[in-house]
>>> print(open('coords_9.txt').read())   # compact mmCIF, C-alpha atoms
# COMPACT_ATOMS: atom_id res chain seq x y z
CA MET A 1 4.79 -1.62 61.82
CA LYS A 2 5.45 0.46 58.74
CA LYS A 3 5.45 4.26 58.88
CA PRO A 4 3.13 6.18 56.54
CA ASN A 5 6.15 7.37 54.54
CA GLU A 6 7.32 3.83 53.94
CA GLU A 7 3.83 2.85 52.82
CA ILE A 8 3.80 5.70 50.30
CA GLU A 9 7.28 4.67 49.11
CA ASP A 10 6.09 1.08 48.63
CA GLN A 11 3.06 2.29 46.69
CA LEU A 12 5.21 4.49 44.45
CA TRP A 13 7.69 1.70 43.87
CA PHE A 14 4.88 -0.66 42.88
CA GLU A 15 3.35 1.88 40.52
CA ASP A 16 6.73 2.61 38.97
CA ARG A 17 7.76 -1.01 38.42
CA LEU A 18 4.57 -3.03 38.03
CA LYS A 19 1.49 -0.96 37.31
CA ASP A 20 2.07 -0.36 33.59
CA ALA A 21 2.88 -4.01 32.96
CA MET A 22 -0.31 -5.06 34.74
CA THR A 23 -2.49 -2.54 32.93
CA GLN A 24 -1.05 -3.82 29.66
CA PHE A 25 -1.71 -7.41 30.80
CA ASP A 26 -5.36 -6.47 31.50
CA ALA A 27 -5.70 -4.90 28.07
CA VAL A 28 -4.21 -7.94 26.30
CA HIS A 29 -6.46 -10.36 28.17
CA ALA A 30 -9.71 -8.39 27.97
CA PRO A 31 -12.48 -11.02 27.83
CA LYS A 32 -15.37 -11.18 25.39
CA VAL A 33 -18.33 -10.04 27.50
CA PRO A 34 -21.50 -12.14 27.03
CA SER A 35 -24.67 -10.34 25.91
CA LEU A 36 -27.26 -9.01 28.35
CA GLN A 37 -29.66 -11.76 27.24
CA GLN A 38 -27.12 -14.40 28.23
CA PHE A 39 -26.76 -12.79 31.65
CA GLU A 40 -30.54 -12.66 32.03
CA ALA A 41 -30.78 -16.34 31.14
CA LEU A 42 -28.07 -17.14 33.71
CA VAL A 43 -29.84 -15.14 36.44
CA ASP A 44 -33.29 -16.59 35.68
CA ASP A 45 -32.02 -20.19 35.44
CA HIS A 46 -30.13 -19.90 38.69
CA LYS A 47 -33.09 -18.33 40.50
CA GLN A 48 -35.28 -21.24 39.30
CA GLU A 49 -32.68 -23.73 40.46
CA MET A 50 -32.49 -22.02 43.87
CA LYS A 51 -36.29 -22.19 44.22
CA LYS A 52 -36.28 -25.89 43.36
CA ARG A 53 -33.49 -26.53 45.86
CA LEU A 54 -35.40 -24.61 48.54
CA TRP A 55 -38.56 -26.66 47.99
CA LYS A 56 -36.57 -29.91 48.10
CA GLU A 57 -34.90 -28.87 51.36
CA LEU A 58 -38.24 -27.81 52.83
CA LEU A 59 -39.81 -31.13 51.86
CA LEU A 60 -36.89 -33.05 53.38
CA PHE A 61 -37.19 -30.96 56.56
CA TRP A 62 -40.90 -31.74 56.92
CA LEU A 63 -40.37 -35.45 56.24
CA ILE A 64 -37.67 -35.68 58.89
CA ALA A 65 -39.72 -33.58 61.32
CA CYS A 66 -42.79 -35.82 60.83
CA PHE A 67 -40.66 -38.94 61.30
CA ILE A 68 -39.09 -37.63 64.53
CA LEU A 69 -42.43 -36.43 65.87
CA GLY A 70 -44.06 -39.78 65.07
CA LEU A 71 -41.21 -41.65 66.74
CA MET A 72 -41.42 -39.48 69.87
CA LEU A 73 -45.19 -39.94 70.12
CA TRP A 74 -44.76 -43.68 69.70
CA VAL A 75 -42.12 -43.78 72.49
CA LEU A 76 -44.32 -41.60 74.72
CA ASP A 77 -47.22 -43.96 74.16
CA ARG A 78 -45.12 -47.02 75.04
CA ASN A 79 -43.00 -45.82 77.96
CA VAL A 80 -42.84 -42.39 79.66
CA VAL A 81 -39.45 -43.08 81.31
CA TRP A 82 -37.78 -43.91 77.98
CA PHE A 83 -39.38 -40.81 76.52
CA ALA A 84 -37.83 -38.65 79.28
CA ILE A 85 -34.39 -40.30 78.81
CA LEU A 86 -34.55 -39.71 75.07
CA GLN A 87 -35.52 -36.07 75.58
CA ILE A 88 -32.59 -35.51 77.98
CA CYS A 89 -30.12 -37.23 75.61
CA ILE A 90 -31.29 -35.08 72.69
CA ALA A 91 -31.05 -31.87 74.74
CA VAL A 92 -27.51 -32.70 76.01
CA GLY A 93 -26.38 -33.76 72.52
CA GLY A 94 -27.77 -30.61 70.93
CA ILE A 95 -26.21 -28.27 73.48
CA SER A 96 -22.76 -29.96 73.22
CA PHE A 97 -22.91 -29.88 69.40
CA VAL A 98 -23.75 -26.17 69.35
CA THR A 99 -21.04 -25.39 71.94
CA MET A 100 -18.41 -27.32 69.98
CA ARG A 101 -19.35 -25.60 66.72
CA PHE A 102 -19.25 -22.17 68.37
CA ARG A 103 -15.84 -22.83 69.97
CA ARG A 104 -14.34 -24.16 66.74
CA ARG A 105 -15.55 -21.08 64.85
CA LYS A 106 -14.01 -18.77 67.46
CA VAL A 107 -10.68 -20.62 67.32
CA SER A 108 -10.56 -20.57 63.53
CA THR A 109 -11.31 -16.83 63.45
CA TRP A 110 -8.53 -16.22 65.92
CA LYS A 111 -6.08 -18.47 64.03
CA SER A 112 -6.71 -17.01 60.59
CA MET B 1 -22.41 5.86 39.48
CA HIS B 2 -25.90 7.19 40.23
CA ASP B 3 -27.21 4.71 37.72
CA GLU B 4 -25.40 1.90 39.48
CA THR B 5 -26.98 2.79 42.83
CA LYS B 6 -30.40 2.61 41.19
CA LEU B 7 -29.58 -0.74 39.57
CA ILE B 8 -28.33 -2.12 42.90
CA LYS B 9 -31.56 -1.09 44.66
CA GLN B 10 -33.64 -2.77 41.95
CA ALA B 11 -31.46 -5.90 41.98
CA VAL B 12 -31.72 -6.22 45.77
CA ARG B 13 -35.50 -6.01 45.45
CA GLY B 14 -35.37 -9.00 43.06
CA ASP B 15 -35.24 -7.39 39.62
CA SER B 16 -33.43 -9.94 37.42
CA ARG B 17 -32.75 -7.50 34.58
CA ALA B 18 -31.06 -4.99 36.90
CA LEU B 19 -28.90 -7.74 38.37
CA SER B 20 -28.01 -8.98 34.88
CA GLU B 21 -26.94 -5.47 33.88
CA LEU B 22 -24.78 -5.14 36.98
CA LEU B 23 -23.13 -8.50 36.36
CA GLN B 24 -22.50 -7.65 32.72
CA GLN B 25 -20.97 -4.27 33.62
CA HIS B 26 -18.58 -5.91 36.10
CA TYR B 27 -17.75 -9.03 34.10
CA SER B 28 -14.47 -7.77 32.58
CA PHE B 29 -13.30 -6.23 35.83
CA LEU B 30 -13.95 -9.44 37.74
CA TYR B 31 -12.38 -11.71 35.13
CA GLN B 32 -9.26 -9.54 34.88
CA TYR B 33 -8.88 -9.51 38.66
CA LEU B 34 -9.20 -13.28 38.82
CA LEU B 35 -6.79 -13.77 35.93
CA LYS B 36 -4.14 -11.81 37.81
CA VAL B 37 -4.89 -13.70 41.02
CA THR B 38 -4.85 -17.20 39.50
CA MET B 39 -2.63 -16.61 36.44
CA ASN B 40 -4.77 -19.29 34.80
CA LYS B 41 -7.41 -18.56 32.15
CA ASN B 42 -9.60 -21.61 32.76
CA ARG B 43 -9.58 -21.16 36.50
CA ALA B 44 -10.30 -17.43 36.14
CA GLU B 45 -13.30 -18.15 33.90
CA ASP B 46 -14.48 -20.87 36.23
CA ILE B 47 -14.30 -18.72 39.37
CA THR B 48 -15.85 -15.74 37.54
CA GLN B 49 -18.85 -17.95 36.77
CA GLU B 50 -18.97 -19.26 40.34
CA THR B 51 -18.77 -15.70 41.71
CA MET B 52 -21.68 -14.62 39.51
CA LEU B 53 -23.80 -17.53 40.77
CA LYS B 54 -22.93 -16.69 44.39
CA ALA B 55 -23.83 -13.05 43.71
CA ILE B 56 -27.24 -14.12 42.37
CA GLU B 57 -27.79 -16.18 45.55
CA LYS B 58 -26.66 -13.44 47.94
CA ILE B 59 -27.86 -10.26 46.24
CA SER B 60 -30.81 -9.87 48.63
CA SER B 61 -28.36 -9.60 51.54
CA PHE B 62 -26.17 -6.96 49.83
CA GLN B 63 -26.47 -3.86 51.99
CA GLY B 64 -24.67 -1.44 49.70
CA LYS B 65 -22.09 -0.47 52.35
CA SER B 66 -19.32 -1.18 49.85
CA LYS B 67 -19.17 -0.76 46.08
CA PHE B 68 -20.67 -3.57 44.00
CA SER B 69 -17.24 -4.28 42.50
CA THR B 70 -15.73 -4.59 46.00
CA TRP B 71 -18.49 -7.02 46.96
CA LEU B 72 -17.78 -9.16 43.88
CA ILE B 73 -14.03 -9.10 44.52
CA THR B 74 -14.66 -10.20 48.12
CA ILE B 75 -16.76 -13.17 46.99
CA ALA B 76 -14.20 -14.08 44.31
CA SER B 77 -11.20 -13.82 46.65
CA ARG B 78 -12.85 -16.06 49.23
CA LEU B 79 -13.65 -18.61 46.54
CA VAL B 80 -9.99 -18.59 45.48
CA VAL B 81 -8.81 -19.00 49.08
CA ASP B 82 -11.29 -21.89 49.57
CA ARG B 83 -9.97 -23.63 46.47
CA ILE B 84 -6.37 -23.23 47.65
CA ARG B 85 -7.30 -24.70 51.03
CA ARG B 86 -8.96 -27.68 49.36
CA ASN B 87 -5.85 -28.42 47.27
CA GLU B 88 -2.78 -30.00 48.77
CA LEU B 89 0.12 -27.58 48.98
CA GLU B 90 2.50 -29.36 46.64
CA LYS B 91 -0.13 -29.98 44.00
CA HIS B 92 -1.12 -26.33 44.25
CA TRP B 93 2.48 -25.16 43.78
CA LEU B 94 2.93 -27.37 40.71
CA GLN B 95 -0.34 -26.11 39.24
CA GLU B 96 0.73 -22.51 39.79
CA GLN B 97 4.01 -23.09 37.96
CA GLN B 98 2.22 -24.73 35.02
CA SER B 99 -0.36 -21.93 34.93
CA LEU B 100 2.35 -19.30 34.88
CA HIS B 101 4.06 -20.96 31.91
CA SER B 102 0.78 -21.24 30.10
CA ILE B 103 -0.35 -17.61 30.62
CA ARG B 104 3.12 -16.41 29.67
CA PHE B 105 2.94 -18.39 26.44
CA ASP B 106 -0.56 -17.06 25.75
CA THR B 107 0.51 -13.43 26.32
CA LEU B 108 3.52 -13.81 24.05
CA GLN B 109 1.35 -15.41 21.37
CA ARG B 110 -0.94 -12.40 21.40
CA GLY B 111 2.08 -10.35 20.39
CA ASP B 112 2.66 -8.72 23.74
CA GLU B 113 5.80 -8.94 25.82
CA TRP B 114 6.13 -10.69 29.18
CA PRO B 115 7.98 -8.26 31.43
CA GLU B 116 9.93 -9.33 34.48
CA ALA B 117 7.37 -7.51 36.64
CA LEU B 118 4.66 -10.02 35.62
CA GLN B 119 7.01 -12.96 36.07
CA ALA B 120 7.83 -11.74 39.58
CA LEU B 121 4.15 -11.25 40.40
CA GLY B 122 3.38 -14.73 39.10
CA GLN B 123 6.09 -16.20 41.34
CA LEU B 124 4.25 -15.01 44.44
CA SER B 125 1.96 -17.57 46.04
CA SER B 126 -1.75 -16.75 45.67
CA ASP B 127 -2.28 -15.99 49.37
CA ILE B 128 0.39 -13.27 49.12
CA ARG B 129 -0.49 -12.13 45.60
CA ILE B 130 -4.13 -11.38 46.52
CA PRO B 131 -3.41 -8.75 49.24
CA VAL B 132 -0.57 -7.26 47.16
CA LEU B 133 -2.93 -6.77 44.19
CA LEU B 134 -5.75 -5.45 46.35
CA LYS B 135 -3.51 -2.94 48.12
CA TYR B 136 -1.15 -1.66 45.45
CA TYR B 137 -3.09 -2.18 42.23
CA TYR B 138 -6.71 -1.72 43.33
CA GLY B 139 -5.96 0.74 46.14
CA TYR B 140 -7.79 -0.89 49.05
CA ALA B 141 -6.75 -0.09 52.62
CA GLN B 142 -5.26 -2.81 54.82
CA GLU B 143 -8.38 -2.84 57.03
CA GLU B 144 -10.60 -3.32 53.99
CA ILE B 145 -8.43 -6.19 52.74
CA SER B 146 -8.58 -7.73 56.20
CA SER B 147 -12.39 -7.79 56.16
CA MET B 148 -12.54 -8.82 52.51
CA LEU B 149 -10.34 -11.87 53.07
CA ASP B 150 -11.53 -12.48 56.64
CA ILE B 151 -8.00 -12.43 58.06
CA PRO B 152 -6.49 -10.20 60.80
CA VAL B 153 -4.92 -6.87 59.80
CA GLY B 154 -1.57 -8.14 61.14
CA THR B 155 -1.64 -11.02 58.66
CA VAL B 156 -2.43 -8.61 55.82
CA LYS B 157 0.53 -6.42 56.87
CA SER B 158 2.96 -9.31 57.03
CA ARG B 159 1.80 -10.69 53.67
CA LEU B 160 2.18 -7.26 52.06
CA HIS B 161 5.63 -6.88 53.59
CA ASN B 162 6.76 -10.33 52.43
CA GLY B 163 5.18 -9.90 49.01
CA LEU B 164 6.83 -6.59 48.30
CA LYS B 165 10.16 -7.84 49.62
CA GLN B 166 10.00 -10.81 47.26
CA LEU B 167 8.95 -8.62 44.31
CA ARG B 168 11.82 -6.20 44.98
CA LYS B 169 14.30 -9.06 45.20
CA GLU B 170 13.15 -10.71 41.96
CA ILE B 171 13.03 -7.47 39.97
CA THR B 172 16.35 -6.14 41.30
CA GLU B 173 18.09 -9.47 40.62
CA HIS B 174 16.80 -9.39 37.06
CA GLU B 175 17.98 -5.80 36.54
CA GLU B 176 21.44 -6.61 37.86
CA ALA B 177 21.80 -9.71 35.70
>>> encode(input="coords_9.txt", output="structure tokens")
Amino acid sequence: MKKPNEEIEDQLWFEDRLKDAMTQFDAVHAPKVPSLQQFEALVDDHKQEMKKRLWKELLLFWLIACFILGLMLWVLDRNVVWFAILQICIAVGGISFVTMRFRRRKVSTWKS
Amino acid sequence: MHDETKLIKQAVRGDSRALSELLQQHYSFLYQYLLKVTMNKNRAEDITQETMLKAIEKISSFQGKSKFSTWLITIASRLVVDRIRRNELEKHWLQEQQSLHSIRFDTLQRGDEWPEALQALGQLSSDIRIPVLLKYYYGYAQEEISSMLDIPVGTVKSRLHNGLKQLRKEITEHEEA
């Protein structure tokens, strides 16, 4: 671990050798900033797009939910045992999926 | 500064004009940061645009604990890191070399010089260059860089150590030659 003095030395060295060159680089490559109207158009367009995407996702969610619910009711109507088996399978699958996702996230946080 | 706080509050509440003003005010800063990180004009423009779009999507969750510029830099840095991860290593290295030649040529064409300091900085790989820039040029603390890049403080320290060591070596070698 570096001592505070060494950190200050590193900072001073960087400022002495690189800072001016980088400030100059920034000045040379200053971009042309778009107008406020262009930014407003970008923000409004993207908000519209996000709303559309949200509605699409919501619609897809309801379609899938209705399909699954219909299927489950149909199975329940035909055979109670198969309905129970299906319910157990879904519960076990869901729990294992969530556990695996959670573990993988923990490992990746630790690794990075 | 006070004005910025007001704009942030309005933007978080959903005011598009306030958000547009904030994005416009930080455009140059963000682009220049990304240009130094990527050393590639097209990629810098591309990621600046992507960062702005992400900011529009996430503005309602911005809590104002950090400065708006810090928040933008965090989004941008993570986008850069994601792109590096998606590229294969060798391809990425080749692209970096080509980008460095191209930005060097562009700088020289604009009548400015290309000092050894920039060449040395460009030789660093992006994952090392990002923490070096954030710490020594933008003045962020190691803990802040760690949370900005979502990596442990130890990794930040080792990257800073390696980065500075490499910079010293390149610049000293050039001075001695």
>>> interface_residues(input="coords_9.txt", of="chain B", to="chain A", cutoff="8 Å", atoms="only C-alpha atoms", output="VMD selection string")
chain B and resid 16 to 17 19 to 21 23 to 24 27 to 28 31 to 32 53 56 to 57 107 110 112 115 117 to 118 136 to 137 150 to 152 164
>>> residues_around(input="coords_9.txt", residues="range 9-15 of chain B", least_positions_apart="2", cutoff="7 Å", atoms="only C-alpha atoms", output="list in words")
Thr5, Lys6, Leu7, Arg17, Ala18, Leu19, Ile59, Ser60 and Phe62 of chain B
>>> atom_distance(input="coords_9.txt", atom1="CA of Ile90 in chain A", atom2="CA of Trp62 in chain A")
18.8 Å
>>> atom_distance(input="coords_9.txt", atom1="CA of Arg83 in chain B", atom2="CA of Arg129 in chain B")
14.9 Å
>>> residues_around(input="coords_9.txt", residues="Glu144 in chain B", least_positions_apart="2", cutoff="12 Å", atoms="only C-alpha atoms", output="NGL selection string")
:B and (65-67 or 70-71 or 73-74 or 131 or 134-135 or 138-142 or 146-153 or 156-157)
>>> residues_around(input="coords_9.txt", residues="Leu79 in chain B", least_positions_apart="5", cutoff="10 Å", atoms="all atoms listed in the file", output="number ranges by chain")
B: 47-48, 50-51, 54, 73-74, 84-85, 149
>>> atom_distance(input="coords_9.txt", atom1="CA of Ala91 in chain A", atom2="CA of Leu71 in chain A")
16.2 Å
>>> closest_residue(input="coords_9.txt", among="B:His26, B:Leu108, B:Ile145, B:Ile8", to="Leu133 in chain B", atoms="all atoms listed in the file")
B:Ile145
>>> decode(input="coords_9.txt", residues="range 35-73 of chain A", atoms="N, CA and C atoms", output="tab-separated table (two decimals), in the first residue's frame")
chain	number	residue	atom	x	y	z
A	35	SER	N	-27.23	22.53	-30.44
A	35	SER	CA	-28.08	23.57	-29.82
A	35	SER	C	-29.02	22.95	-28.79
A	36	LEU	N	-29.60	23.83	-27.96
A	36	LEU	CA	-30.53	23.36	-26.93
A	36	LEU	C	-31.74	22.67	-27.56
A	37	GLN	N	-32.17	23.19	-28.71
A	37	GLN	CA	-33.32	22.60	-29.40
A	37	GLN	C	-33.02	21.15	-29.80
A	38	GLN	N	-31.79	20.94	-30.25
A	38	GLN	CA	-31.42	19.57	-30.66
A	38	GLN	C	-31.43	18.63	-29.45
A	39	PHE	N	-30.97	19.16	-28.31
A	39	PHE	CA	-30.99	18.34	-27.09
A	39	PHE	C	-32.43	18.05	-26.66
A	40	GLU	N	-33.28	19.07	-26.79
A	40	GLU	CA	-34.69	18.88	-26.41
A	40	GLU	C	-35.34	17.83	-27.30
A	41	ALA	N	-35.02	17.90	-28.59
A	41	ALA	CA	-35.57	16.91	-29.52
A	41	ALA	C	-35.10	15.50	-29.14
A	42	LEU	N	-33.80	15.40	-28.79
A	42	LEU	CA	-33.25	14.10	-28.40
A	42	LEU	C	-33.97	13.55	-27.16
A	43	VAL	N	-34.14	14.43	-26.15
A	43	VAL	CA	-34.78	14.01	-24.90
A	43	VAL	C	-36.24	13.60	-25.16
A	44	ASP	N	-36.97	14.45	-25.90
A	44	ASP	CA	-38.39	14.13	-26.16
A	44	ASP	C	-38.55	12.85	-26.96
A	45	ASP	N	-37.74	12.71	-28.02
A	45	ASP	CA	-37.82	11.49	-28.86
A	45	ASP	C	-37.54	10.24	-28.03
A	46	HIS	N	-36.50	10.34	-27.20
A	46	HIS	CA	-36.13	9.15	-26.44
A	46	HIS	C	-37.19	8.81	-25.37
A	47	LYS	N	-37.79	9.86	-24.80
A	47	LYS	CA	-38.86	9.60	-23.81
A	47	LYS	C	-40.05	8.91	-24.49
A	48	GLN	N	-40.38	9.37	-25.70
A	48	GLN	CA	-41.48	8.75	-26.47
A	48	GLN	C	-41.17	7.28	-26.75
A	49	GLU	N	-39.93	7.06	-27.18
A	49	GLU	CA	-39.50	5.70	-27.51
A	49	GLU	C	-39.58	4.80	-26.28
A	50	MET	N	-39.17	5.35	-25.11
A	50	MET	CA	-39.21	4.58	-23.87
A	50	MET	C	-40.66	4.22	-23.50
A	51	LYS	N	-41.57	5.19	-23.71
A	51	LYS	CA	-42.99	4.94	-23.41
A	51	LYS	C	-43.52	3.82	-24.29
A	52	LYS	N	-43.17	3.90	-25.60
A	52	LYS	CA	-43.63	2.88	-26.54
A	52	LYS	C	-43.12	1.50	-26.12
A	53	ARG	N	-41.82	1.47	-25.76
A	53	ARG	CA	-41.20	0.21	-25.37
A	53	ARG	C	-41.89	-0.36	-24.13
A	54	LEU	N	-42.22	0.54	-23.19
A	54	LEU	CA	-42.87	0.13	-21.95
A	54	LEU	C	-44.24	-0.49	-22.24
A	55	TRP	N	-45.01	0.16	-23.13
A	55	TRP	CA	-46.33	-0.37	-23.48
A	55	TRP	C	-46.22	-1.73	-24.16
A	56	LYS	N	-45.22	-1.86	-25.05
A	56	LYS	CA	-45.01	-3.14	-25.75
A	56	LYS	C	-44.71	-4.24	-24.75
A	57	GLU	N	-43.79	-3.92	-23.78
A	57	GLU	CA	-43.40	-4.91	-22.79
A	57	GLU	C	-44.58	-5.30	-21.90
A	58	LEU	N	-45.39	-4.28	-21.57
A	58	LEU	CA	-46.57	-4.52	-20.72
A	58	LEU	C	-47.56	-5.42	-21.44
A	59	LEU	N	-47.75	-5.15	-22.74
A	59	LEU	CA	-48.68	-5.94	-23.54
A	59	LEU	C	-48.19	-7.39	-23.62
A	60	LEU	N	-46.88	-7.54	-23.87
A	60	LEU	CA	-46.30	-8.88	-23.96
A	60	LEU	C	-46.47	-9.61	-22.63
A	61	PHE	N	-46.26	-8.90	-21.53
A	61	PHE	CA	-46.40	-9.49	-20.20
A	61	PHE	C	-47.82	-10.00	-19.98
A	62	TRP	N	-48.82	-9.17	-20.35
A	62	TRP	CA	-50.21	-9.59	-20.16
A	62	TRP	C	-50.58	-10.76	-21.05
A	63	LEU	N	-50.08	-10.76	-22.28
A	63	LEU	CA	-50.36	-11.87	-23.19
A	63	LEU	C	-49.82	-13.18	-22.63
A	64	ILE	N	-48.56	-13.13	-22.17
A	64	ILE	CA	-47.94	-14.34	-21.63
A	64	ILE	C	-48.68	-14.77	-20.35
A	65	ALA	N	-49.02	-13.77	-19.51
A	65	ALA	CA	-49.71	-14.09	-18.26
A	65	ALA	C	-51.06	-14.76	-18.54
A	66	CYS	N	-51.80	-14.22	-19.53
A	66	CYS	CA	-53.11	-14.79	-19.88
A	66	CYS	C	-52.96	-16.21	-20.40
A	67	PHE	N	-51.90	-16.39	-21.24
A	67	PHE	CA	-51.66	-17.73	-21.80
A	67	PHE	C	-51.37	-18.74	-20.69
A	68	ILE	N	-50.48	-18.35	-19.77
A	68	ILE	CA	-50.09	-19.27	-18.68
A	68	ILE	C	-51.30	-19.56	-17.78
A	69	LEU	N	-52.05	-18.52	-17.48
A	69	LEU	CA	-53.22	-18.69	-16.62
A	69	LEU	C	-54.25	-19.62	-17.28
A	70	GLY	N	-54.47	-19.40	-18.57
A	70	GLY	CA	-55.41	-20.24	-19.33
A	70	GLY	C	-54.96	-21.68	-19.32
A	71	LEU	N	-53.67	-21.89	-19.56
A	71	LEU	CA	-53.09	-23.23	-19.59
A	71	LEU	C	-53.28	-23.92	-18.24
A	72	MET	N	-52.99	-23.19	-17.16
A	72	MET	CA	-53.09	-23.76	-15.82
A	72	MET	C	-54.55	-24.13	-15.50
A	73	LEU	N	-55.47	-23.25	-15.89
A	73	LEU	CA	-56.89	-23.54	-15.63
A	73	LEU	C	-57.35	-24.77	-16.42
